[in-house]
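As provided, upload_22.txt (compact mmCIF, C-alpha atoms) reads as follows.
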# COMPACT_ATOMS: atom_id res chain seq x y z
CA MET A 1 46.62 28.46 61.27
CA LYS A 2 48.60 31.67 61.68
CA ARG A 3 45.48 33.70 60.96
CA MET A 4 43.47 31.80 63.56
CA TYR A 5 46.29 32.22 66.08
CA LEU A 6 46.29 35.99 65.52
CA ILE A 7 42.51 36.14 65.90
CA TYR A 8 42.62 34.18 69.15
CA LYS A 9 45.51 36.25 70.45
CA THR A 10 43.66 39.49 69.70
CA CYS A 11 40.46 38.29 71.39
CA MET A 12 42.43 37.06 74.39
CA LYS A 13 44.18 40.43 74.81
CA ALA A 14 40.87 42.26 74.50
CA ASN A 15 39.23 40.07 77.14
CA ILE A 16 42.16 40.46 79.53
CA ALA A 17 42.11 44.25 79.08
CA SER A 18 38.36 44.29 79.66
CA ALA A 19 38.69 42.16 82.80
CA ILE A 20 41.35 44.29 84.46
CA THR A 21 39.81 47.64 83.54
CA TYR A 22 37.88 47.51 86.80
CA ARG A 23 40.52 45.97 89.05
CA VAL A 24 38.46 45.76 92.24
CA ASN A 25 35.64 43.99 90.40
CA PHE A 26 38.15 41.61 88.79
CA ILE A 27 39.81 40.80 92.11
CA LEU A 28 36.49 40.26 93.89
CA ASN A 29 35.12 38.00 91.15
CA SER A 30 38.33 35.97 91.12
CA LEU A 31 38.27 35.58 94.91
CA ILE A 32 34.59 34.61 94.98
CA MET A 33 35.21 31.99 92.30
CA LEU A 34 38.21 30.63 94.20
CA ILE A 35 36.44 30.54 97.57
CA GLY A 36 33.38 28.84 96.06
CA ASN A 37 35.54 26.02 94.68
CA VAL A 38 37.79 25.45 97.69
CA LEU A 39 34.94 24.96 100.15
CA PHE A 40 34.74 21.22 99.47
CA PRO A 41 38.49 20.64 99.99
CA LEU A 42 38.06 22.43 103.33
CA VAL A 43 35.28 19.98 104.18
CA THR A 44 37.73 17.17 103.36
CA VAL A 45 40.22 18.70 105.80
CA PHE A 46 37.55 18.67 108.52
CA ILE A 47 36.60 15.08 107.67
CA TYR A 48 40.16 13.79 108.04
CA ASN A 49 40.83 15.90 111.13
CA SER A 50 37.82 14.28 112.81
CA ASN A 51 39.37 10.80 112.30
CA ALA A 52 37.03 9.97 109.42
CA SER A 53 38.14 9.41 105.82
CA PHE A 54 37.30 8.20 102.34
CA GLU A 55 37.95 4.51 102.80
CA GLY A 56 41.26 3.44 101.31
CA TRP A 57 42.43 6.97 100.56
CA THR A 58 44.87 9.09 102.53
CA PHE A 59 44.21 12.76 103.10
CA LYS A 60 46.64 13.96 100.44
CA GLU A 61 45.39 11.40 97.91
CA ALA A 62 41.82 12.65 98.38
CA LEU A 63 43.05 16.23 98.20
CA LEU A 64 44.89 15.44 94.96
CA ILE A 65 41.63 14.39 93.30
CA GLN A 66 39.95 17.61 94.40
CA SER A 67 42.87 19.76 93.28
CA VAL A 68 42.74 18.17 89.82
CA PHE A 69 39.00 18.88 89.78
CA ILE A 70 39.70 22.56 90.49
CA LEU A 71 42.40 22.68 87.80
CA SER A 72 40.01 21.16 85.24
CA THR A 73 37.24 23.57 86.21
CA ALA A 74 39.64 26.52 85.96
CA CYS A 75 40.91 25.49 82.50
CA ALA A 76 37.34 25.05 81.27
CA GLY A 77 36.40 28.44 82.68
CA ILE A 78 39.33 30.17 81.04
CA PHE A 79 39.10 28.65 77.58
CA PHE A 80 35.58 27.61 76.65
CA ASN A 81 32.83 27.69 79.30
CA GLY A 82 32.04 31.27 78.36
CA ILE A 83 30.65 30.15 75.01
CA MET A 84 27.44 29.10 76.79
CA TRP A 85 26.74 32.57 78.14
CA ASN A 86 28.02 34.38 75.04
CA THR A 87 25.75 32.33 72.78
CA MET A 88 22.73 32.85 75.04
CA SER A 89 23.41 36.59 75.15
CA HIS A 90 23.71 36.85 71.36
CA VAL A 91 20.52 34.86 70.82
CA VAL A 92 18.50 36.88 73.34
CA GLU A 93 19.71 40.20 71.95
CA GLY A 94 19.54 39.08 68.31
CA THR A 95 23.16 40.08 67.68
CA LEU A 96 24.58 36.76 66.49
CA GLU A 97 24.43 38.02 62.90
CA VAL A 98 27.40 40.25 63.71
CA VAL A 99 29.43 37.09 64.34
CA LEU A 100 28.05 35.15 61.37
CA ILE A 101 29.13 37.77 58.83
CA LYS A 102 32.76 37.67 59.96
CA PRO A 103 35.16 36.03 57.44
CA THR A 104 36.16 33.20 59.78
CA SER A 105 34.62 30.21 61.53
CA SER A 106 31.79 31.47 63.75
CA LEU A 107 32.38 28.69 66.28
CA PHE A 108 36.08 29.51 66.52
CA LEU A 109 35.38 33.23 66.88
CA LEU A 110 32.84 32.66 69.65
CA LEU A 111 35.32 30.40 71.45
CA ALA A 112 38.04 33.01 71.11
CA ARG A 113 35.73 35.67 72.53
CA SER A 114 34.87 33.35 75.41
CA PHE A 115 38.35 33.53 76.93
CA GLU A 116 37.68 34.27 80.63
CA PHE A 117 40.61 35.77 82.51
CA GLU A 118 38.79 35.89 85.86
CA SER A 119 39.31 32.14 86.28
CA ILE A 120 43.06 32.70 86.58
CA GLY A 121 42.70 33.02 90.36
CA LEU A 122 40.99 29.64 90.51
CA LEU A 123 43.78 28.15 88.40
CA GLY A 124 46.41 29.55 90.77
CA GLY A 125 44.60 28.16 93.80
CA GLY A 126 44.31 24.77 92.11
CA VAL A 127 48.03 24.71 91.32
CA VAL A 128 48.94 25.49 94.95
CA MET A 129 46.64 22.75 96.24
CA PHE A 130 47.93 20.32 93.59
CA VAL A 131 51.58 20.90 94.54
CA TYR A 132 50.76 20.49 98.24
CA ALA A 133 48.89 17.22 97.61
CA LEU A 134 51.76 15.86 95.52
CA SER A 135 54.20 16.44 98.39
CA GLY A 136 52.74 13.41 100.14
CA ILE A 137 52.75 11.07 97.15
CA GLU A 138 55.69 8.95 96.03
CA GLY A 139 56.51 6.70 93.10
CA MET A 140 55.49 9.02 90.27
CA THR A 141 57.23 8.40 86.94
CA ILE A 142 57.38 10.08 83.54
CA GLY A 143 54.90 7.46 82.33
CA SER A 144 52.41 8.30 85.08
CA TRP A 145 52.69 12.00 84.24
CA LEU A 146 52.04 11.31 80.56
CA LEU A 147 48.99 9.23 81.45
CA PHE A 148 47.84 12.03 83.74
CA LEU A 149 48.05 14.58 80.93
CA LEU A 150 46.22 12.27 78.53
CA LEU A 151 43.32 11.66 80.92
CA PHE A 152 43.27 15.29 82.06
CA GLY A 153 42.83 16.33 78.43
CA ALA A 154 40.04 13.78 78.01
CA GLY A 155 38.27 15.30 81.01
CA LEU A 156 38.43 18.72 79.38
CA LEU A 157 36.84 17.21 76.26
CA VAL A 158 33.83 16.15 78.34
CA MET A 159 33.31 19.67 79.67
CA PHE A 160 33.94 21.16 76.23
CA GLY A 161 31.29 18.93 74.71
CA VAL A 162 28.76 19.79 77.40
CA ALA A 163 29.43 23.52 77.02
CA LEU A 164 28.78 23.30 73.28
CA ILE A 165 25.65 21.17 73.72
CA VAL A 166 24.15 23.62 76.22
CA ALA A 167 25.09 26.55 74.00
CA ALA A 168 23.58 24.85 70.94
CA ILE A 169 20.29 24.18 72.73
CA SER A 170 19.95 27.91 73.44
CA PHE A 171 19.34 28.53 69.72
CA LYS A 172 15.90 26.94 70.14
CA TRP A 173 15.40 27.01 73.90
CA VAL A 174 16.64 30.38 75.11
CA ALA A 175 15.71 29.97 78.79
CA ASN A 176 18.07 27.07 79.49
CA SER A 177 20.34 28.68 82.08
CA ARG A 178 19.49 25.87 84.53
CA LEU A 179 21.16 23.26 82.35
CA PRO A 180 24.70 24.32 83.35
CA GLU A 181 23.62 24.05 86.99
CA MET A 182 22.36 20.52 86.37
CA PHE A 183 25.70 19.57 84.82
CA GLU A 184 27.55 21.08 87.77
CA SER A 185 25.57 18.80 90.08
CA ILE A 186 26.45 15.75 88.01
CA LYS A 187 30.05 16.88 87.62
CA SER A 188 30.48 17.00 91.40
CA PHE A 189 30.73 13.19 91.41
CA GLY A 190 34.17 13.66 89.85
CA ARG A 191 35.44 15.18 93.10
CA TYR A 192 35.27 11.89 94.94
CA PRO A 193 37.25 8.64 94.70
CA GLY A 194 35.21 6.31 92.51
CA THR A 195 35.81 3.42 94.88
CA ILE A 196 33.37 4.85 97.43
CA PHE A 197 30.43 4.53 95.01
CA PRO A 198 28.37 1.45 93.99
CA LYS A 199 29.40 -0.20 90.72
CA ALA A 200 26.35 1.18 88.91
CA VAL A 201 27.36 4.76 89.74
CA VAL A 202 30.95 4.03 88.68
CA ALA A 203 29.73 2.67 85.33
CA VAL A 204 27.55 5.73 84.65
CA SER A 205 30.22 8.23 85.71
CA SER A 206 32.86 6.39 83.65
CA PHE A 207 31.11 5.64 80.36
CA LEU A 208 27.62 7.14 80.06
CA PHE A 209 28.47 10.54 81.51
CA PRO A 210 32.24 10.33 82.08
CA VAL A 211 32.64 12.92 84.83
CA SER A 212 35.15 10.65 86.61
CA MET A 213 37.58 11.65 83.86
CA ILE A 214 37.51 15.24 85.11
CA ALA A 215 39.52 14.45 88.26
CA TYR A 216 39.34 10.93 89.67
CA PHE A 217 40.91 9.09 86.71
CA PRO A 218 43.79 11.54 86.09
CA ALA A 219 44.66 11.76 89.79
CA SER A 220 44.58 7.97 90.12
CA THR A 221 47.33 7.62 87.50
CA LEU A 222 49.68 9.75 89.59
CA ILE A 223 48.90 7.70 92.68
CA GLY A 224 49.50 4.48 90.73
CA ARG A 225 45.93 3.19 91.00
CA TRP A 226 44.93 3.37 87.36
CA GLU A 227 42.84 0.64 85.74
CA ALA A 228 42.61 -0.52 82.13
CA TYR A 229 39.03 0.73 81.78
CA PHE A 230 40.26 4.29 82.32
CA PHE A 231 41.49 4.25 78.72
CA ILE A 232 38.23 2.87 77.38
CA ALA A 233 36.49 5.82 79.05
CA ILE A 234 38.41 8.16 76.74
CA ILE A 235 36.08 7.09 73.91
CA PRO A 236 32.89 8.64 75.37
CA CYS A 237 34.90 11.77 76.19
CA VAL A 238 35.88 12.17 72.54
CA LEU A 239 32.30 11.40 71.48
CA PHE A 240 30.96 14.11 73.80
CA ALA A 241 33.27 16.70 72.24
CA ALA A 242 32.56 15.54 68.67
CA PHE A 243 28.79 15.57 69.24
CA GLY A 244 29.01 19.02 70.83
CA ILE A 245 30.89 20.43 67.84
CA TRP A 246 28.46 18.81 65.38
CA LEU A 247 25.34 19.97 67.25
CA TYR A 248 26.60 23.52 67.69
CA THR A 249 27.58 23.78 64.03
CA TYR A 250 24.21 22.35 62.95
CA MET A 251 22.20 24.71 65.17
CA LEU A 252 24.33 27.64 64.09
CA ARG A 253 23.46 26.97 60.45
CA SER A 254 19.73 26.78 61.29
CA TYR A 255 19.79 30.00 63.32
CA LYS A 256 17.03 32.39 62.27
CA SER A 257 17.68 35.30 64.63
CA ALA A 258 16.46 35.85 68.20
CA GLY A 259 16.27 32.20 69.19
CA GLY A 260 14.88 30.80 65.93

Give the structure from this file in structure tokens form.
Amino acid sequence: MKRMYLIYKTCMKANIASAITYRVNFILNSLIMLIGNVLFPLVTVFIYNSNASFEGWTFKEALLIQSVFILSTACAGIFFNGIMWNTMSHVVEGTLEVVLIKPTSSLFLLLARSFEFESIGLLGGGVVMFVYALSGIEGMTIGSWLLFLLLFGAGLLVMFGVALIVAAISFKWVANSRLPEMFESIKSFGRYPGTIFPKAVVAVSSFLFPVSMIAYFPASTLIGRWEAYFFIAIIPCVLFAAFGIWLYTYMLRSYKSAGG
């Protein structure tokens, strides 16, 4: 474990140094990422200021869901989303062999090299929005915070699994850059309160493709609106991550250079 910690720490430092070498580029990329993700919360502000609303949800409750969505997206961007693009780049250039010959787990090394410091601006923006949204919510307890952390972690497992699945597919299907965009479209359902959707959509977004776990479920625990089925939805989240790890490892072993 100590060896893996040192490897990750070294890769993290190298990525941070690389990101801030060109400070203007780093700042611009961070700002663009932040602005792109706060546009929808701004739309929510306009909706509530025009006397409309998400039925049954106050402004700050709706904003809390969207702030958790931004926090989840930022954490995924910092720690593991980069493995999709790193894997695709290695496969296209035929340089994955350089990783495979290293005396450590190839999956772990690719994850360590995928640390993305530019998402730190998005994380900061999410934290500010999260704190502001919480200022209008009462009745939170230690138990609700523990449930929040549990479900928040489950939401990260969903995104982790998807990132690995997309990356694994690139070993055989190199031109799959549209798949992350498709997932982003599906993931956007997690920005909204689940109660505004038909039951069929709620079922799909809770169990088949559990994007509700990315923001709606964790935020609901802080508001005190959690349901028992939230915990059942943790199972598909774990399965997504487990399948992603298995598929990536399997495809990595069958890699034959330059996309197979």

Quick one: everything within 9 Å of range 25-30 of chain A, counting all atoms listed in the file, minus sequence neighbours fewer than 6 positions away in the same chain. Send it as number ranges by chain. A: 19, 117-122

Selected residues written out with C-alpha atoms, as a PDB file, keeping the file's coordinate frame:
ATOM      1  CA  ALA A  19      38.690  42.160  82.800  1.00  0.00           C
ATOM      2  CA  PHE A 117      40.610  35.770  82.510  1.00  0.00           C
ATOM      3  CA  GLU A 118      38.790  35.890  85.860  1.00  0.00           C
ATOM      4  CA  SER A 119      39.310  32.140  86.280  1.00  0.00           C
ATOM      5  CA  ILE A 120      43.060  32.700  86.580  1.00  0.00           C
ATOM      6  CA  GLY A 121      42.700  33.020  90.360  1.00  0.00           C
ATOM      7  CA  LEU A 122      40.990  29.640  90.510  1.00  0.00           C
TER       8      LEU A 122
END

Edge lengths and centre, in Å to one decimal, as JSON: that's what I need for the box along x, y and z that holds all listed atoms of range 5-14 of chain A plus 8 Å on each side.
{"center_x": 43.4, "center_y": 37.2, "center_z": 70.2, "size_x": 21.8, "size_y": 26.0, "size_z": 25.3}

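Distances to Thr44 in chain A were evaluated for A:Lys2, A:Arg191, A:Lys102, A:Gly124 using all atoms listed in the file, and the minimum falls at A:Arg191.
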
Within-9 Å shell of (42.5, 17.5, 94.8) in input frame, only C-alpha atoms, as a PyMOL selection string: chain A and resi 41+60-71+126+129-130+133+191+215-216+219

Expressed in Å to a single decimal, how great is the separation between CA of Phe40 in chain A and CA of Val204 in chain A? 22.6 Å

Which of A:Ile7, A:Val91, A:Leu147, A:Ala228 sits closest to Arg113 in chain A [using only C-alpha atoms]: A:Ile7

Mind giving me the straight-line distance from CA of Leu123 in chain A to CA of Gly143 in chain A in Å, one decimal?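 We find that CA of Leu123 in chain A and CA of Gly143 in chain A lie 24.3 Å from each other.
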
Which residue, A:Phe217, A:Leu156, A:Lys9, A:Val92, has the smallest gap to Gly77 in chain A when you use only C-alpha atoms? A:Leu156

Any idea what the distance is between CA of Val45 in chain A and CA of Thr141 in chain A? 27.4 Å

If you count all atoms listed in the file, which residues fall within 12 Å of Met159 in chain A, apart from same-chain ones fewer than 2 positions away, as an NGL selection string? :A and (69 or 72-77 or 79-84 or 152-157 or 161-166 or 180 or 183-184 or 186-187 or 190 or 209-215 or 236-242 or 244)

Can I get the selection written as a PDB file, keeping the file's coordinate frame, with C-alpha atoms?
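This is the output file out.pdb:
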ATOM      1  CA  PHE A  69      39.000  18.880  89.780  1.00  0.00           C
ATOM      2  CA  SER A  72      40.010  21.160  85.240  1.00  0.00           C
ATOM      3  CA  THR A  73      37.240  23.570  86.210  1.00  0.00           C
ATOM      4  CA  ALA A  74      39.640  26.520  85.960  1.00  0.00           C
ATOM      5  CA  CYS A  75      40.910  25.490  82.500  1.00  0.00           C
ATOM      6  CA  ALA A  76      37.340  25.050  81.270  1.00  0.00           C
ATOM      7  CA  GLY A  77      36.400  28.440  82.680  1.00  0.00           C
ATOM      8  CA  PHE A  79      39.100  28.650  77.580  1.00  0.00           C
ATOM      9  CA  PHE A  80      35.580  27.610  76.650  1.00  0.00           C
ATOM     10  CA  ASN A  81      32.830  27.690  79.300  1.00  0.00           C
ATOM     11  CA  GLY A  82      32.040  31.270  78.360  1.00  0.00           C
ATOM     12  CA  ILE A  83      30.650  30.150  75.010  1.00  0.00           C
ATOM     13  CA  MET A  84      27.440  29.100  76.790  1.00  0.00           C
ATOM     14  CA  PHE A 152      43.270  15.290  82.060  1.00  0.00           C
ATOM     15  CA  GLY A 153      42.830  16.330  78.430  1.00  0.00           C
ATOM     16  CA  ALA A 154      40.040  13.780  78.010  1.00  0.00           C
ATOM     17  CA  GLY A 155      38.270  15.300  81.010  1.00  0.00           C
ATOM     18  CA  LEU A 156      38.430  18.720  79.380  1.00  0.00           C
ATOM     19  CA  LEU A 157      36.840  17.210  76.260  1.00  0.00           C
ATOM     20  CA  GLY A 161      31.290  18.930  74.710  1.00  0.00           C
ATOM     21  CA  VAL A 162      28.760  19.790  77.400  1.00  0.00           C
ATOM     22  CA  ALA A 163      29.430  23.520  77.020  1.00  0.00           C
ATOM     23  CA  LEU A 164      28.780  23.300  73.280  1.00  0.00           C
ATOM     24  CA  ILE A 165      25.650  21.170  73.720  1.00  0.00           C
ATOM     25  CA  VAL A 166      24.150  23.620  76.220  1.00  0.00           C
ATOM     26  CA  PRO A 180      24.700  24.320  83.350  1.00  0.00           C
ATOM     27  CA  PHE A 183      25.700  19.570  84.820  1.00  0.00           C
ATOM     28  CA  GLU A 184      27.550  21.080  87.770  1.00  0.00           C
ATOM     29  CA  ILE A 186      26.450  15.750  88.010  1.00  0.00           C
ATOM     30  CA  LYS A 187      30.050  16.880  87.620  1.00  0.00           C
ATOM     31  CA  GLY A 190      34.170  13.660  89.850  1.00  0.00           C
ATOM     32  CA  PHE A 209      28.470  10.540  81.510  1.00  0.00           C
ATOM     33  CA  PRO A 210      32.240  10.330  82.080  1.00  0.00           C
ATOM     34  CA  VAL A 211      32.640  12.920  84.830  1.00  0.00           C
ATOM     35  CA  SER A 212      35.150  10.650  86.610  1.00  0.00           C
ATOM     36  CA  MET A 213      37.580  11.650  83.860  1.00  0.00           C
ATOM     37  CA  ILE A 214      37.510  15.240  85.110  1.00  0.00           C
ATOM     38  CA  ALA A 215      39.520  14.450  88.260  1.00  0.00           C
ATOM     39  CA  PRO A 236      32.890   8.640  75.370  1.00  0.00           C
ATOM     40  CA  CYS A 237      34.900  11.770  76.190  1.00  0.00           C
ATOM     41  CA  VAL A 238      35.880  12.170  72.540  1.00  0.00           C
ATOM     42  CA  LEU A 239      32.300  11.400  71.480  1.00  0.00           C
ATOM     43  CA  PHE A 240      30.960  14.110  73.800  1.00  0.00           C
ATOM     44  CA  ALA A 241      33.270  16.700  72.240  1.00  0.00           C
ATOM     45  CA  ALA A 242      32.560  15.540  68.670  1.00  0.00           C
ATOM     46  CA  GLY A 244      29.010  19.020  70.830  1.00  0.00           C
TER      47      GLY A 244
END

So which one's closest to Phe54 in chain A, A:Ser144, A:Ser106, A:Asn37, A:Thr195? Using all atoms listed in the file, please.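 Among the listed residues, A:Thr195 lies closest to Phe54 in chain A.
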
With distances taken over only C-alpha atoms, which of A:Glu138, A:Glu55, A:Glu181, A:Glu97 is nearest to Arg253 in chain A?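 Selected residue with least distance to Arg253 in chain A: A:Glu97.
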
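For Pro103 in chain A, the non-local neighbours within 12 Å, defined as residues at least 6 positions apart in the same chain or in other chains and counting only C-alpha atoms, are Arg3, Met4, Ile7 and Leu109 of chain A.
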
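Using only C-alpha atoms, the smallest distance between any of A:Tyr8, A:Tyr132, A:Tyr48, A:Trp85 and Leu179 in chain A comes from A:Trp85.
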